[in-house]
Amino acid sequence: MITVVGLDGSGLPAGAQARLDSAELVVGGARQLDSVRLPDHARTVVMGNVTAALDEIDATLAKDDGDGAQPRENRVVVLASGDPGFFGIVRALRERRHEAEVLPAVSSVARAFALAGLPWEDALVVSAHGRELRRAVNACRAHPKVAVLTAPGAGPAELARELAPSAPRTFVVCEDLGGPAERVTHCRPAEATTHGWRDPNVVIVLDARQAVGPRTWIAGARPGPDRWALAEEEFEHRNSVVTKAEVRAFALARLGPRVGDLVWDIGAGSGSVAIECARFGAAVIAVERAAESCERIRRNVRAHQVKVQVAQGPAPLILDHLPDPDAVFVGGGGLEVVRACARRALHRVVVAVAALERVGPVFDALTAEGFETAGVQLSAARLSPLPGDVHRLAATNPVFVIWGSKQ
């Protein structure tokens, strides 16, 4: 009933012209409609408004021939860029319970990496087309190789403005893919903001040092960590100033770090929470006042082979220069810092305090910013060996963890 034809500038897939010749309705972008030979009897719909185009498809398929007969075969043809099953129109058709015969072309992402001469099974692919640009930006902050499917208003220039200068990256902009002006441009993000780029385009955002990642068994972002709540001994720290593993495990559960998120770790200390969030694939900014602490965090980051941006300066003043986070962990800084973080956090705030007297004010600060708030006191007793092959319980200092969440 519906044939979806992928176009990549190299000509129609086999069998596509026959489907077009018998079509009653042909739907596609203006560029796609202009690139094929259409029959005189076919109606066309330019897919500017996807919902309206889908409604027209529904109406066409609902018609019969006036005598109750079933609708004719090959009544509708949809033209799309590249592989229509990859971030494409096939999903929207299936959501409306339409089955389609798909005649694909080379996907724009595959074409972009081929033009750039790069392997891409280790690349993360994200879409900013009709979606939040900030999530694509966060993925680029956290991962060394990301392909971004762009859209008007969410293209190379907008992506670059959000990334520069906090995330040093190289852009490979593949523009006018499949068209007569197809071009590949290598540039810095700052340079990308000054160009006018032709659509359609794909931006490959690279950490140039990791343009070829390690051999892997799984495509896309690497799997999550094999373990978390790492032992304190796995982090360099000063005088045991490090969030204990048991507290870190609970904080991670409440922060929920994931690909596309940005997490702040305020009063980061050794950077243990920041590093664990980064191991889950989130973009992370660790905030510390002292230069010595920032250098310690950087050493820990290198040791764990993750990406964490370190921001040196006093909170809350330095927070004004940072992008809005999805989640925040506050390990130090006082009530003023908690209030500042609650005003900026989009979804989740987790605060760890040692003193009971601070619990109520933290609750009030989170509640005042519209968070649903709860808390718990965490204490652990670890097995510690004694002479004679026996053990005792060694208590760690209790910590109050207060958290808030909102949609």
# chains A, B, ... in the order shown; residues from 1 in each chain; ligands from 1
>>> residues_around(residues="Asn49 of chain A", least_positions_apart="2", cutoff="12 Å", atoms="only C-alpha atoms", output="MDAnalysis selection string")
chainID A and resid 27:30 45:47 51:56 130
>>> write_last_selection(atoms="N, CA and C atoms", output="short mmCIF file (atom, residue, chain, number, x, y, z; two decimals), in the first residue's frame")
data_model
loop_
_atom_site.label_atom_id
_atom_site.label_comp_id
_atom_site.auth_asym_id
_atom_site.auth_seq_id
_atom_site.Cartn_x
_atom_site.Cartn_y
_atom_site.Cartn_z
N VAL A 27 4.51 11.80 -1.62
CA VAL A 27 4.81 12.69 -0.51
C VAL A 27 6.32 12.78 -0.34
N GLY A 28 6.83 13.98 -0.12
CA GLY A 28 8.27 14.13 0.11
C GLY A 28 8.62 15.59 0.28
N GLY A 29 9.88 15.83 0.63
CA GLY A 29 10.36 17.20 0.69
C GLY A 29 10.46 17.79 -0.70
N ALA A 30 10.48 19.12 -0.77
CA ALA A 30 10.54 19.78 -2.08
C ALA A 30 11.74 19.31 -2.87
N VAL A 45 2.35 16.04 -2.17
CA VAL A 45 2.29 16.77 -0.91
C VAL A 45 3.72 17.01 -0.44
N VAL A 46 4.05 18.29 -0.23
CA VAL A 46 5.37 18.63 0.27
C VAL A 46 5.38 18.41 1.78
N MET A 47 6.32 17.62 2.24
CA MET A 47 6.34 17.25 3.65
C MET A 47 7.07 18.32 4.47
N THR A 51 2.87 15.95 10.27
CA THR A 51 1.55 15.49 10.71
C THR A 51 0.51 15.67 9.61
N ALA A 52 0.54 16.83 8.94
CA ALA A 52 -0.41 17.08 7.85
C ALA A 52 -0.19 16.09 6.71
N ALA A 53 1.07 15.79 6.41
CA ALA A 53 1.37 14.84 5.34
C ALA A 53 0.86 13.44 5.70
N LEU A 54 1.04 13.06 6.95
CA LEU A 54 0.54 11.75 7.39
C LEU A 54 -0.98 11.69 7.34
N ASP A 55 -1.64 12.80 7.70
CA ASP A 55 -3.10 12.85 7.60
C ASP A 55 -3.56 12.65 6.15
N GLU A 56 -2.84 13.24 5.21
CA GLU A 56 -3.18 13.09 3.80
C GLU A 56 -2.99 11.64 3.34
N GLY A 130 13.96 18.08 15.36
CA GLY A 130 12.70 18.01 16.10
C GLY A 130 12.88 17.58 17.54
#
>>> residues_around(residues="segment 225-232 of chain A", least_positions_apart="3", cutoff="7 Å", atoms="only C-alpha atoms", output="number ranges by chain")
A: 235, 242, 244-246, 248-249, 276, 279-280
>>> write_last_selection(atoms="N, CA, C and O atoms", output="compact mmCIF listing (two decimals), in the first residue's frame")
# COMPACT_ATOMS: atom_id res chain seq x y z
N PHE A 235 40.57 6.26 44.04
CA PHE A 235 40.66 7.69 43.76
C PHE A 235 41.77 8.30 44.62
O PHE A 235 41.89 7.99 45.80
N VAL A 242 36.76 12.12 50.51
CA VAL A 242 36.20 11.48 49.32
C VAL A 242 34.84 10.92 49.70
O VAL A 242 34.66 10.41 50.82
N LYS A 244 32.15 8.50 50.36
CA LYS A 244 32.26 7.06 50.62
C LYS A 244 31.43 6.27 49.60
O LYS A 244 30.42 6.75 49.09
N ALA A 245 31.88 5.06 49.33
CA ALA A 245 31.28 4.23 48.28
C ALA A 245 29.78 4.02 48.51
O ALA A 245 28.99 4.07 47.57
N GLU A 246 29.37 3.79 49.76
CA GLU A 246 27.96 3.54 50.03
C GLU A 246 27.11 4.77 49.74
O GLU A 246 26.00 4.67 49.20
N ARG A 248 28.00 7.17 47.66
CA ARG A 248 28.09 7.39 46.22
C ARG A 248 27.11 6.49 45.47
O ARG A 248 26.48 6.92 44.50
N ALA A 249 26.97 5.26 45.92
CA ALA A 249 26.03 4.34 45.26
C ALA A 249 24.60 4.89 45.33
O ALA A 249 23.86 4.87 44.34
N GLU A 276 32.19 8.86 38.37
CA GLU A 276 31.22 7.76 38.26
C GLU A 276 30.08 8.15 37.32
O GLU A 276 29.61 7.31 36.54
N ARG A 279 31.25 7.74 33.81
CA ARG A 279 31.34 6.34 33.40
C ARG A 279 29.99 5.80 32.92
O ARG A 279 29.93 4.81 32.20
N PHE A 280 28.90 6.45 33.34
CA PHE A 280 27.57 6.08 32.85
C PHE A 280 27.23 6.77 31.53
O PHE A 280 26.15 6.55 30.97
>>> select_by_dssp(residues="segment 183-338 of chain A", states="alpha helix (DSSP H)", output="ChimeraX atom specification")
/A:189-192,245-255,272-279,291-304,335-338
>>> residues_around(residues="Val5 of chain A", least_positions_apart="6", cutoff="12 Å", atoms="only C-alpha atoms", output="PyMOL selection string")
chain A and resi 11-20+26-28+32-33+36+76-85+88-90+100-106
>>> closest_residue(among="A:Pro398, A:Lys406, A:Gly333, A:Ala181", to="Ala354 of chain A", atoms="only C-alpha atoms")
A:Pro398
>>> decode(residues="segment 170-306 of chain A", atoms="C-alpha atoms", output="PDB file, in the first residue's frame")
ATOM      1  CA  THR A 170      36.961  19.065  15.849  1.00  0.00           C
ATOM      2  CA  PHE A 171      33.962  19.389  13.535  1.00  0.00           C
ATOM      3  CA  VAL A 172      33.615  17.460  10.284  1.00  0.00           C
ATOM      4  CA  VAL A 173      30.641  19.072   8.551  1.00  0.00           C
ATOM      5  CA  CYS A 174      29.256  17.038   5.657  1.00  0.00           C
ATOM      6  CA  GLU A 175      26.837  19.338   3.827  1.00  0.00           C
ATOM      7  CA  ASP A 176      24.438  19.065   0.884  1.00  0.00           C
ATOM      8  CA  LEU A 177      24.723  15.295   1.195  1.00  0.00           C
ATOM      9  CA  GLY A 178      23.933  13.628  -2.116  1.00  0.00           C
ATOM     10  CA  GLY A 179      23.540  17.006  -3.815  1.00  0.00           C
ATOM     11  CA  PRO A 180      25.586  18.826  -6.452  1.00  0.00           C
ATOM     12  CA  ALA A 181      27.360  20.956  -3.829  1.00  0.00           C
ATOM     13  CA  GLU A 182      28.276  18.085  -1.513  1.00  0.00           C
ATOM     14  CA  ARG A 183      31.278  19.104   0.573  1.00  0.00           C
ATOM     15  CA  VAL A 184      33.243  17.969   3.625  1.00  0.00           C
ATOM     16  CA  THR A 185      34.735  20.663   5.862  1.00  0.00           C
ATOM     17  CA  HIS A 186      37.072  20.107   8.822  1.00  0.00           C
ATOM     18  CA  CYS A 187      36.984  23.020  11.247  1.00  0.00           C
ATOM     19  CA  ARG A 188      37.005  24.106  14.857  1.00  0.00           C
ATOM     20  CA  PRO A 189      33.656  24.807  16.530  1.00  0.00           C
ATOM     21  CA  ALA A 190      34.414  28.535  16.640  1.00  0.00           C
ATOM     22  CA  GLU A 191      34.877  28.515  12.851  1.00  0.00           C
ATOM     23  CA  ALA A 192      31.608  26.635  12.354  1.00  0.00           C
ATOM     24  CA  THR A 193      29.661  29.524  13.888  1.00  0.00           C
ATOM     25  CA  THR A 194      30.696  31.897  11.076  1.00  0.00           C
ATOM     26  CA  HIS A 195      29.651  29.752   8.092  1.00  0.00           C
ATOM     27  CA  GLY A 196      26.366  29.299   6.295  1.00  0.00           C
ATOM     28  CA  TRP A 197      25.884  25.556   5.852  1.00  0.00           C
ATOM     29  CA  ARG A 198      23.809  23.832   3.168  1.00  0.00           C
ATOM     30  CA  ASP A 199      21.113  21.337   4.124  1.00  0.00           C
ATOM     31  CA  PRO A 200      20.964  18.455   4.539  1.00  0.00           C
ATOM     32  CA  ASN A 201      24.079  18.052   6.619  1.00  0.00           C
ATOM     33  CA  VAL A 202      25.544  15.799   9.269  1.00  0.00           C
ATOM     34  CA  VAL A 203      28.121  17.007  11.794  1.00  0.00           C
ATOM     35  CA  ILE A 204      30.724  14.569  13.061  1.00  0.00           C
ATOM     36  CA  VAL A 205      32.034  15.917  16.376  1.00  0.00           C
ATOM     37  CA  LEU A 206      35.433  14.464  17.254  1.00  0.00           C
ATOM     38  CA  ASP A 207      37.988  14.395  19.957  1.00  0.00           C
ATOM     39  CA  ALA A 208      40.825  14.300  17.405  1.00  0.00           C
ATOM     40  CA  ARG A 209      42.947  12.149  19.724  1.00  0.00           C
ATOM     41  CA  GLN A 210      40.296   9.408  19.607  1.00  0.00           C
ATOM     42  CA  ALA A 211      39.136   9.607  15.982  1.00  0.00           C
ATOM     43  CA  VAL A 212      39.680   5.850  15.786  1.00  0.00           C
ATOM     44  CA  GLY A 213      38.355   4.237  18.944  1.00  0.00           C
ATOM     45  CA  PRO A 214      39.242   0.817  20.360  1.00  0.00           C
ATOM     46  CA  ARG A 215      37.919  -2.310  18.675  1.00  0.00           C
ATOM     47  CA  THR A 216      34.466  -3.090  20.036  1.00  0.00           C
ATOM     48  CA  TRP A 217      31.733  -5.725  19.852  1.00  0.00           C
ATOM     49  CA  ILE A 218      28.817  -3.290  20.100  1.00  0.00           C
ATOM     50  CA  ALA A 219      27.902  -0.334  17.904  1.00  0.00           C
ATOM     51  CA  GLY A 220      27.360   3.140  19.338  1.00  0.00           C
ATOM     52  CA  ALA A 221      28.132   4.288  22.856  1.00  0.00           C
ATOM     53  CA  ARG A 222      30.137   1.842  24.885  1.00  0.00           C
ATOM     54  CA  PRO A 223      28.194  -0.222  27.446  1.00  0.00           C
ATOM     55  CA  GLY A 224      27.768   1.146  30.951  1.00  0.00           C
ATOM     56  CA  PRO A 225      30.380   0.440  33.623  1.00  0.00           C
ATOM     57  CA  ASP A 226      30.833  -3.116  34.796  1.00  0.00           C
ATOM     58  CA  ARG A 227      30.726  -1.861  38.390  1.00  0.00           C
ATOM     59  CA  TRP A 228      30.137   1.394  40.247  1.00  0.00           C
ATOM     60  CA  ALA A 229      30.415   2.794  43.755  1.00  0.00           C
ATOM     61  CA  LEU A 230      34.141   2.236  43.365  1.00  0.00           C
ATOM     62  CA  ALA A 231      36.301   1.856  46.461  1.00  0.00           C
ATOM     63  CA  GLU A 232      37.778   5.052  47.876  1.00  0.00           C
ATOM     64  CA  GLU A 233      41.239   3.616  47.226  1.00  0.00           C
ATOM     65  CA  GLU A 234      40.577   3.887  43.489  1.00  0.00           C
ATOM     66  CA  PHE A 235      40.665   7.692  43.762  1.00  0.00           C
ATOM     67  CA  GLU A 236      43.498   9.950  44.792  1.00  0.00           C
ATOM     68  CA  HIS A 237      42.249  12.029  47.727  1.00  0.00           C
ATOM     69  CA  ARG A 238      43.504  14.242  50.534  1.00  0.00           C
ATOM     70  CA  ASN A 239      43.063  13.104  54.156  1.00  0.00           C
ATOM     71  CA  SER A 240      40.227  10.721  53.183  1.00  0.00           C
ATOM     72  CA  VAL A 241      38.146  13.611  51.795  1.00  0.00           C
ATOM     73  CA  VAL A 242      36.199  11.482  49.319  1.00  0.00           C
ATOM     74  CA  THR A 243      32.528  10.537  49.119  1.00  0.00           C
ATOM     75  CA  LYS A 244      32.261   7.065  50.618  1.00  0.00           C
ATOM     76  CA  ALA A 245      31.278   4.233  48.281  1.00  0.00           C
ATOM     77  CA  GLU A 246      27.961   3.537  50.031  1.00  0.00           C
ATOM     78  CA  VAL A 247      26.896   7.189  49.821  1.00  0.00           C
ATOM     79  CA  ARG A 248      28.093   7.385  46.218  1.00  0.00           C
ATOM     80  CA  ALA A 249      26.029   4.343  45.257  1.00  0.00           C
ATOM     81  CA  PHE A 250      22.876   5.926  46.651  1.00  0.00           C
ATOM     82  CA  ALA A 251      23.655   9.310  45.097  1.00  0.00           C
ATOM     83  CA  LEU A 252      24.140   7.714  41.675  1.00  0.00           C
ATOM     84  CA  ALA A 253      20.768   5.998  41.995  1.00  0.00           C
ATOM     85  CA  ARG A 254      19.083   9.354  42.641  1.00  0.00           C
ATOM     86  CA  LEU A 255      21.074  11.329  40.052  1.00  0.00           C
ATOM     87  CA  GLY A 256      20.348   8.799  37.296  1.00  0.00           C
ATOM     88  CA  PRO A 257      23.217   9.887  34.997  1.00  0.00           C
ATOM     89  CA  ARG A 258      22.794   8.833  31.361  1.00  0.00           C
ATOM     90  CA  VAL A 259      23.803   9.714  27.830  1.00  0.00           C
ATOM     91  CA  GLY A 260      22.503  13.185  26.927  1.00  0.00           C
ATOM     92  CA  ASP A 261      22.447  14.428  30.528  1.00  0.00           C
ATOM     93  CA  LEU A 262      24.659  17.114  32.027  1.00  0.00           C
ATOM     94  CA  VAL A 263      25.591  16.643  35.703  1.00  0.00           C
ATOM     95  CA  TRP A 264      27.242  19.157  38.015  1.00  0.00           C
ATOM     96  CA  ASP A 265      29.377  17.878  40.919  1.00  0.00           C
ATOM     97  CA  ILE A 266      29.677  20.838  43.305  1.00  0.00           C
ATOM     98  CA  GLY A 267      32.444  20.770  45.901  1.00  0.00           C
ATOM     99  CA  ALA A 268      33.771  17.815  43.944  1.00  0.00           C
ATOM    100  CA  GLY A 269      36.733  17.056  46.253  1.00  0.00           C
ATOM    101  CA  SER A 270      38.444  14.090  44.595  1.00  0.00           C
ATOM    102  CA  GLY A 271      35.930  14.058  41.725  1.00  0.00           C
ATOM    103  CA  SER A 272      34.646  10.582  42.614  1.00  0.00           C
ATOM    104  CA  VAL A 273      30.951  11.373  41.975  1.00  0.00           C
ATOM    105  CA  ALA A 274      31.776  13.239  38.766  1.00  0.00           C
ATOM    106  CA  ILE A 275      33.875  10.358  37.461  1.00  0.00           C
ATOM    107  CA  GLU A 276      31.217   7.763  38.262  1.00  0.00           C
ATOM    108  CA  CYS A 277      28.577   9.833  36.445  1.00  0.00           C
ATOM    109  CA  ALA A 278      30.884  10.116  33.436  1.00  0.00           C
ATOM    110  CA  ARG A 279      31.344   6.335  33.404  1.00  0.00           C
ATOM    111  CA  PHE A 280      27.571   6.080  32.848  1.00  0.00           C
ATOM    112  CA  GLY A 281      27.890   8.265  29.728  1.00  0.00           C
ATOM    113  CA  ALA A 282      26.729  11.627  31.079  1.00  0.00           C
ATOM    114  CA  ALA A 283      28.469  14.926  30.437  1.00  0.00           C
ATOM    115  CA  VAL A 284      29.901  16.168  33.734  1.00  0.00           C
ATOM    116  CA  ILE A 285      31.289  19.392  35.174  1.00  0.00           C
ATOM    117  CA  ALA A 286      33.201  19.148  38.456  1.00  0.00           C
ATOM    118  CA  VAL A 287      33.338  22.434  40.398  1.00  0.00           C
ATOM    119  CA  GLU A 288      36.071  23.105  42.982  1.00  0.00           C
ATOM    120  CA  ARG A 289      37.507  26.277  44.469  1.00  0.00           C
ATOM    121  CA  ALA A 290      41.147  25.280  45.070  1.00  0.00           C
ATOM    122  CA  ALA A 291      43.640  24.812  42.235  1.00  0.00           C
ATOM    123  CA  GLU A 292      45.239  21.877  44.067  1.00  0.00           C
ATOM    124  CA  SER A 293      41.894  20.062  44.260  1.00  0.00           C
ATOM    125  CA  CYS A 294      41.210  20.723  40.563  1.00  0.00           C
ATOM    126  CA  GLU A 295      44.542  19.180  39.618  1.00  0.00           C
ATOM    127  CA  ARG A 296      43.743  16.154  41.784  1.00  0.00           C
ATOM    128  CA  ILE A 297      40.401  15.749  40.022  1.00  0.00           C
ATOM    129  CA  ARG A 298      42.122  15.931  36.627  1.00  0.00           C
ATOM    130  CA  ARG A 299      44.563  13.190  37.658  1.00  0.00           C
ATOM    131  CA  ASN A 300      41.677  10.985  38.779  1.00  0.00           C
ATOM    132  CA  VAL A 301      39.825  11.682  35.527  1.00  0.00           C
ATOM    133  CA  ARG A 302      42.849  10.616  33.493  1.00  0.00           C
ATOM    134  CA  ALA A 303      43.294   7.502  35.621  1.00  0.00           C
ATOM    135  CA  HIS A 304      39.695   6.431  34.954  1.00  0.00           C
ATOM    136  CA  GLN A 305      39.841   7.423  31.260  1.00  0.00           C
ATOM    137  CA  VAL A 306      36.648   9.474  31.231  1.00  0.00           C
TER     138      VAL A 306
END
